[in-house]
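As provided, run_6.txt (compact mmCIF, C-alpha atoms) reads as follows.
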```txt
# COMPACT_ATOMS: atom_id res chain seq x y z
CA MET F 233 -22.55 23.95 -1.87
CA ASN F 234 -24.47 20.69 -2.05
CA GLY F 235 -25.66 21.47 -5.56
CA PHE F 236 -22.08 22.10 -6.62
CA ILE F 237 -20.97 18.76 -5.27
CA GLN F 238 -23.93 16.85 -6.71
CA LYS F 239 -23.31 18.34 -10.13
CA LEU F 240 -19.62 17.51 -10.27
CA GLY F 241 -20.30 14.08 -8.87
CA PRO F 242 -17.70 11.47 -9.78
CA LEU F 243 -15.40 14.16 -11.19
CA LEU F 244 -14.82 15.59 -7.70
CA PHE F 245 -11.76 13.49 -7.22
CA ALA F 246 -10.34 14.15 -10.67
CA LEU F 247 -10.82 17.88 -10.10
CA ALA F 248 -8.80 17.85 -6.90
CA ARG F 249 -5.52 18.46 -8.72
CA SER F 250 -5.37 22.18 -7.99
CA ARG F 251 -4.34 23.36 -4.53
CA PRO F 252 -7.50 25.25 -3.53
CA ALA F 253 -9.73 22.50 -4.91
CA GLY F 254 -7.65 19.95 -3.02
CA LEU F 255 -8.33 21.78 0.23
CA LEU F 256 -12.05 22.00 -0.49
CA ILE F 257 -12.32 18.37 -1.49
CA ARG F 258 -10.39 17.14 1.56
CA LYS F 259 -13.00 18.99 3.61
CA VAL F 260 -15.80 17.32 1.65
CA PHE F 261 -14.34 13.85 2.26
CA ALA F 262 -13.83 14.72 5.92
CA HIS F 263 -17.23 16.25 6.67
CA MET F 264 -19.69 15.81 3.83
CA SER F 265 -19.09 12.39 2.33
CA PHE F 266 -22.88 11.86 2.33
CA ALA F 267 -22.97 14.40 -0.49
CA ILE F 268 -20.61 12.50 -2.78
CA PRO F 269 -22.74 10.70 -5.32
CA ALA F 270 -19.84 8.68 -6.81
CA ALA F 271 -20.70 5.02 -7.25
CA ARG F 272 -19.67 3.82 -3.83
CA LEU F 273 -18.33 0.32 -3.44
CA ARG F 274 -17.77 0.52 0.30
CA GLU F 275 -18.15 3.08 3.03
CA THR F 276 -16.95 2.79 6.62
CA SER F 277 -16.69 5.40 9.38
CA THR F 278 -13.13 6.18 8.21
CA LEU F 279 -13.06 5.73 4.41
CA LEU F 280 -14.84 5.65 1.08
CA ALA F 281 -14.07 3.21 -1.75
CA PHE F 282 -15.32 3.93 -5.26
CA HIS F 283 -14.47 3.38 -8.91
CA HIS F 284 -11.95 5.91 -10.23
CA PRO F 285 -13.81 8.49 -12.35
CA ARG F 286 -10.98 8.34 -14.90
CA PRO F 287 -9.69 4.76 -14.67
CA ALA F 288 -6.15 4.03 -15.83
CA TYR F 289 -6.62 0.24 -15.52
CA PRO F 290 -9.37 -2.26 -16.42
CA LEU F 291 -10.22 -2.24 -12.70
CA HIS F 292 -9.35 0.95 -10.84
CA ILE F 293 -10.76 1.57 -7.37
CA LEU F 294 -9.87 4.46 -5.07
CA LEU F 295 -9.82 4.19 -1.27
CA VAL F 296 -9.93 7.63 0.37
CA PRO F 297 -9.77 8.30 4.10
CA LYS F 298 -12.34 10.69 5.53
CA ARG F 299 -9.70 12.33 7.73
CA GLU F 300 -7.89 15.19 6.02
CA TYR F 301 -4.55 13.68 5.07
CA ARG F 302 -2.73 15.31 2.19
CA SER F 303 -0.35 12.41 1.58
CA LEU F 304 1.13 9.19 2.95
CA ILE F 305 3.64 11.32 4.84
CA GLU F 306 0.78 12.95 6.75
CA LEU F 307 -1.01 9.73 7.66
CA ASP F 308 -1.07 9.32 11.44
CA PRO F 309 0.73 5.99 12.02
CA GLY F 310 -1.44 5.62 15.12
CA ASP F 311 -4.69 5.90 13.14
CA ALA F 312 -5.47 2.22 13.67
CA ALA F 313 -9.16 2.65 12.81
CA PHE F 314 -8.41 3.81 9.28
CA GLN F 315 -5.66 1.25 8.75
CA ARG F 316 -7.96 -1.58 9.87
CA ASP F 317 -10.72 -0.35 7.57
CA LEU F 318 -8.25 0.02 4.69
CA PHE F 319 -7.03 -3.56 4.86
CA GLU F 320 -10.47 -5.01 5.68
CA THR F 321 -12.01 -3.15 2.75
CA VAL F 322 -9.27 -4.24 0.36
CA GLN F 323 -9.66 -7.86 1.49
CA SER F 324 -13.42 -7.67 1.06
CA LEU F 325 -13.11 -6.20 -2.45
CA VAL F 326 -10.46 -8.77 -3.44
CA ARG F 327 -12.82 -11.55 -2.37
CA ASP F 328 -15.99 -10.13 -3.91
CA LEU F 329 -14.38 -9.12 -7.21
CA GLY F 330 -12.40 -12.37 -7.69
CA LEU F 331 -9.09 -10.52 -7.63
CA GLU F 332 -6.99 -13.38 -6.28
CA ALA F 333 -7.36 -15.18 -9.62
CA ARG F 334 -7.33 -12.00 -11.68
CA GLY F 335 -4.32 -10.43 -9.91
CA TYR F 336 -4.26 -7.03 -8.22
CA ARG F 337 -2.04 -4.32 -6.78
CA LEU F 338 -2.61 -1.95 -3.86
CA ILE F 339 -0.70 1.28 -4.53
CA ALA F 340 -0.13 4.59 -2.75
CA ASN F 341 1.78 7.17 -4.76
CA GLY F 342 3.75 9.88 -3.01
CA GLY F 343 5.79 13.01 -3.58
CA ALA F 344 6.32 13.75 -7.26
CA ASN F 345 4.23 10.65 -8.14
CA GLN F 346 1.08 11.89 -6.37
CA ASP F 347 -1.28 13.82 -8.63
CA VAL F 348 -4.11 14.71 -6.24
CA PRO F 349 -3.36 16.35 -2.86
CA ILE F 350 -5.54 13.92 -0.89
CA LEU F 351 -4.13 10.69 0.51
CA HIS F 352 -5.61 7.84 -1.53
CA PHE F 353 -4.88 4.21 -2.25
CA HIS F 354 -5.43 2.59 -5.64
CA LEU F 355 -6.70 -0.99 -5.81
CA ILE F 356 -6.13 -1.96 -9.42
CA SER F 357 -6.11 -4.95 -11.73
CA GLU F 358 -4.29 -4.88 -15.05
CA SER F 359 -6.21 -7.94 -16.23
CA GLU F 360 -8.99 -7.10 -18.69
CA VAL F 361 -11.35 -9.85 -17.64
CA GLN F 362 -11.80 -12.28 -14.80
CA PRO F 363 -10.21 -15.62 -15.67
CA MET R 290 20.50 -24.01 9.33
CA ASN R 291 22.26 -20.77 10.24
CA GLY R 292 25.05 -21.50 7.78
CA PHE R 293 22.50 -22.09 5.04
CA ILE R 294 20.82 -18.77 5.75
CA GLN R 295 24.09 -16.85 6.08
CA LYS R 296 25.31 -18.22 2.76
CA LEU R 297 22.19 -17.35 0.81
CA GLY R 298 22.04 -13.95 2.45
CA PRO R 299 20.27 -11.32 0.38
CA LEU R 300 19.02 -13.97 -2.07
CA LEU R 301 16.76 -15.49 0.61
CA PHE R 302 13.85 -13.41 -0.48
CA ALA R 303 14.38 -14.00 -4.18
CA LEU R 304 14.53 -17.72 -3.52
CA ALA R 305 11.17 -17.75 -1.77
CA ARG R 306 9.26 -18.32 -5.00
CA SER R 307 8.78 -22.05 -4.53
CA ARG R 308 6.13 -23.26 -2.08
CA PRO R 309 8.38 -25.20 0.33
CA ALA R 310 10.98 -22.43 0.32
CA GLY R 311 8.22 -19.90 0.95
CA LEU R 312 7.16 -21.80 4.07
CA LEU R 313 10.75 -22.02 5.32
CA ILE R 314 11.46 -18.39 4.65
CA ARG R 315 8.25 -17.19 6.32
CA LYS R 316 9.46 -19.10 9.39
CA VAL R 317 12.85 -17.40 9.14
CA PHE R 318 11.28 -13.93 8.99
CA ALA R 319 8.97 -14.86 11.87
CA HIS R 320 11.52 -16.42 14.22
CA MET R 321 15.09 -15.94 13.03
CA SER R 322 15.33 -12.48 11.52
CA PHE R 323 18.61 -11.99 13.44
CA ALA R 324 20.13 -14.50 11.03
CA ILE R 325 19.23 -12.56 7.88
CA PRO R 326 22.35 -10.72 6.78
CA ALA R 327 20.60 -8.66 4.07
CA ALA R 328 21.56 -5.00 4.21
CA ARG R 329 18.90 -3.84 6.65
CA LEU R 330 17.53 -0.34 6.34
CA ARG R 331 15.15 -0.61 9.27
CA GLU R 332 14.10 -3.21 11.79
CA THR R 333 11.24 -2.99 14.27
CA SER R 334 9.63 -5.64 16.46
CA THR R 335 7.16 -6.38 13.65
CA LEU R 336 9.01 -5.88 10.35
CA LEU R 337 12.26 -5.74 8.39
CA ALA R 338 13.01 -3.25 5.59
CA PHE R 339 15.88 -3.92 3.19
CA HIS R 340 16.99 -3.29 -0.37
CA HIS R 341 15.50 -5.79 -2.83
CA PRO R 342 18.19 -8.33 -3.74
CA ARG R 343 17.06 -8.13 -7.38
CA PRO R 344 15.82 -4.57 -7.78
CA ALA R 345 13.36 -3.81 -10.56
CA TYR R 346 13.61 -0.03 -10.02
CA PRO R 347 16.41 2.48 -9.35
CA LEU R 348 15.25 2.39 -5.70
CA HIS R 349 13.57 -0.83 -4.60
CA ILE R 350 13.02 -1.51 -0.90
CA LEU R 351 11.09 -4.43 0.58
CA LEU R 352 9.13 -4.22 3.83
CA VAL R 353 8.41 -7.68 5.23
CA PRO R 354 6.38 -8.41 8.36
CA LYS R 355 7.87 -10.83 10.87
CA ARG R 356 4.48 -12.50 11.37
CA GLU R 357 3.81 -15.32 8.93
CA TYR R 358 1.40 -13.78 6.45
CA ARG R 359 1.31 -15.35 3.01
CA SER R 360 -0.45 -12.44 1.33
CA LEU R 361 -2.43 -9.23 1.82
CA ILE R 362 -5.54 -11.38 2.13
CA GLU R 363 -4.05 -13.07 5.20
CA LEU R 364 -2.97 -9.86 6.95
CA ASP R 365 -4.86 -9.53 10.23
CA PRO R 366 -6.70 -6.19 9.89
CA GLY R 367 -6.41 -5.88 13.67
CA ASP R 368 -2.61 -6.14 13.61
CA ALA R 369 -2.23 -2.47 14.51
CA ALA R 370 1.38 -2.91 15.64
CA PHE R 371 2.54 -4.01 12.19
CA GLN R 372 0.44 -1.42 10.39
CA ARG R 373 1.82 1.37 12.56
CA ASP R 374 5.37 0.16 11.97
CA LEU R 375 4.71 -0.15 8.24
CA PHE R 376 3.58 3.44 7.82
CA GLU R 377 6.11 4.86 10.29
CA THR R 378 8.93 3.04 8.53
CA VAL R 379 7.78 4.19 5.10
CA GLN R 380 7.53 7.79 6.32
CA SER R 381 10.98 7.58 7.86
CA LEU R 382 12.50 6.16 4.66
CA VAL R 383 10.72 8.77 2.51
CA ARG R 384 12.20 11.52 4.66
CA ASP R 385 15.71 10.09 4.94
CA LEU R 386 16.00 9.16 1.25
CA GLY R 387 14.53 12.42 -0.09
CA LEU R 388 11.64 10.58 -1.77
CA GLU R 389 9.13 13.44 -1.63
CA ALA R 390 11.15 15.28 -4.29
CA ARG R 391 12.19 12.14 -6.13
CA GLY R 392 8.71 10.55 -6.16
CA TYR R 393 7.81 7.12 -4.79
CA ARG R 394 5.19 4.41 -4.72
CA LEU R 395 4.20 1.98 -1.96
CA ILE R 396 2.90 -1.22 -3.57
CA ALA R 397 1.54 -4.56 -2.39
CA ASN R 398 0.92 -7.11 -5.13
CA GLY R 399 -1.66 -9.85 -4.66
CA GLY R 400 -3.11 -12.94 -6.25
CA ALA R 401 -1.70 -13.61 -9.70
CA ASN R 402 0.53 -10.51 -9.34
CA GLN R 403 2.34 -11.80 -6.24
CA ASP R 404 5.53 -13.69 -7.01
CA VAL R 405 6.76 -14.62 -3.53
CA PRO R 406 4.42 -16.34 -1.02
CA ILE R 407 5.27 -13.93 1.81
CA LEU R 408 3.34 -10.72 2.37
CA HIS R 409 5.64 -7.85 1.41
CA PHE R 410 5.36 -4.21 0.47
CA HIS R 411 7.55 -2.53 -2.14
CA LEU R 412 8.71 1.04 -1.59
CA ILE R 413 10.05 2.08 -4.97
CA SER R 414 11.19 5.10 -6.92
CA GLU R 415 11.32 5.09 -10.69
CA SER R 416 13.55 8.17 -10.69
CA GLU R 417 17.20 7.36 -11.39
CA VAL R 418 18.69 10.07 -9.25
CA GLN R 419 17.62 12.47 -6.56
CA PRO R 420 16.67 15.84 -8.07
```
Reformat the file's structure so that it appears as structure tokens.
Amino acid sequence: MNGFIQKLGPLLFALARSRPAGLLIRKVFAHMSFAIPAARLRETSTLLAFHHPRPAYPLHILLVPKREYRSLIELDPGDAAFQRDLFETVQSLVRDLGLEARGYRLIANGGANQDVPILHFHLISESEVQP
Amino acid sequence: MNGFIQKLGPLLFALARSRPAGLLIRKVFAHMSFAIPAARLRETSTLLAFHHPRPAYPLHILLVPKREYRSLIELDPGDAAFQRDLFETVQSLVRDLGLEARGYRLIANGGANQDVPILHFHLISESEVQP
């Protein structure tokens, strides 16, 4: 199991598109995040933040909760610990990566717009370089 | 003051682009939301949700906190009441407007990508009609 995860590495997330893989990978985020070798930017007790393995923007970071949420609709509105970590982590990344000047968007896609069956937030910048 | 706000109505938000207007309008959202005649979709003790007065998408809803936050960077990560309301309201709108099937995105723009100096979230759908 560990070998499997280590080998797939940063592609784990990209591979989560299929239903069974989605289930497996939600479990990995929930219980085995130590085994995810993706280049981590931040880790808290409730989430992981890392560069998207297949970026669609010049800067493309994913923020993934460790709890097993399939989508925004499943997020527990009372999960204050995750929500605090989400906004604290975004603020910390915005500061450290100079995103105020560069411009950024925090995005959660849902329903027909969600491609991976794990709740995730994108922190992106469309600007190629820091001003 | 009330007359001014009543007259501008749904354009209040669109007008908030200038710095002094932004300050005024943050105060209105914080203390006088009763006076905002925009077509309200939801109101809680911490936020207002309404159709964007100048929509950029077939469905374009704004969620605006009543507390005076200028941007995502200023959001208090410990403001659990607003965060709960934000996600509960989004989930409620997604359900009531059939957005799971239609597809949707929740977006917060920041820094150079933020056009109005009031923290706000966009709940949008790029799909013209419900499937």
Checklist entry - What residues in chain F have any atom no more than 12 Å from chain R when counting all atoms listed in the file, and can you write them as a PyMOL selection string? => result chain F and resi 303-327+329-347+352-359+362-363
Checklist entry - Using all atoms listed in the file, which residue out of R:Ala310, R:Val418, R:Leu408, R:Val317 lies closest to Arg359 (chain R)? => result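 Counting all atoms listed in the file, the residue closest to Arg359 (chain R) is R:Leu408.
As for CA of Pro290 (chain F) and CA of Arg274 (chain F), they are spaced 18.9 Å apart.
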Checklist entry - If you measure from CA of Val348 (chain F) to CA of Leu352 (chain R), what distance in Å do you get, rounded to one decimal? => result 25.2 Å
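In this structure, CA of Ala281 (chain F) sits 24.4 Å away from CA of Tyr358 (chain R).
Shortest separation to Thr333 (chain R) among R:Asp385, R:Gly311, R:Glu417, R:Pro354 occurs at residue R:Pro354, atoms counted being all atoms listed in the file.
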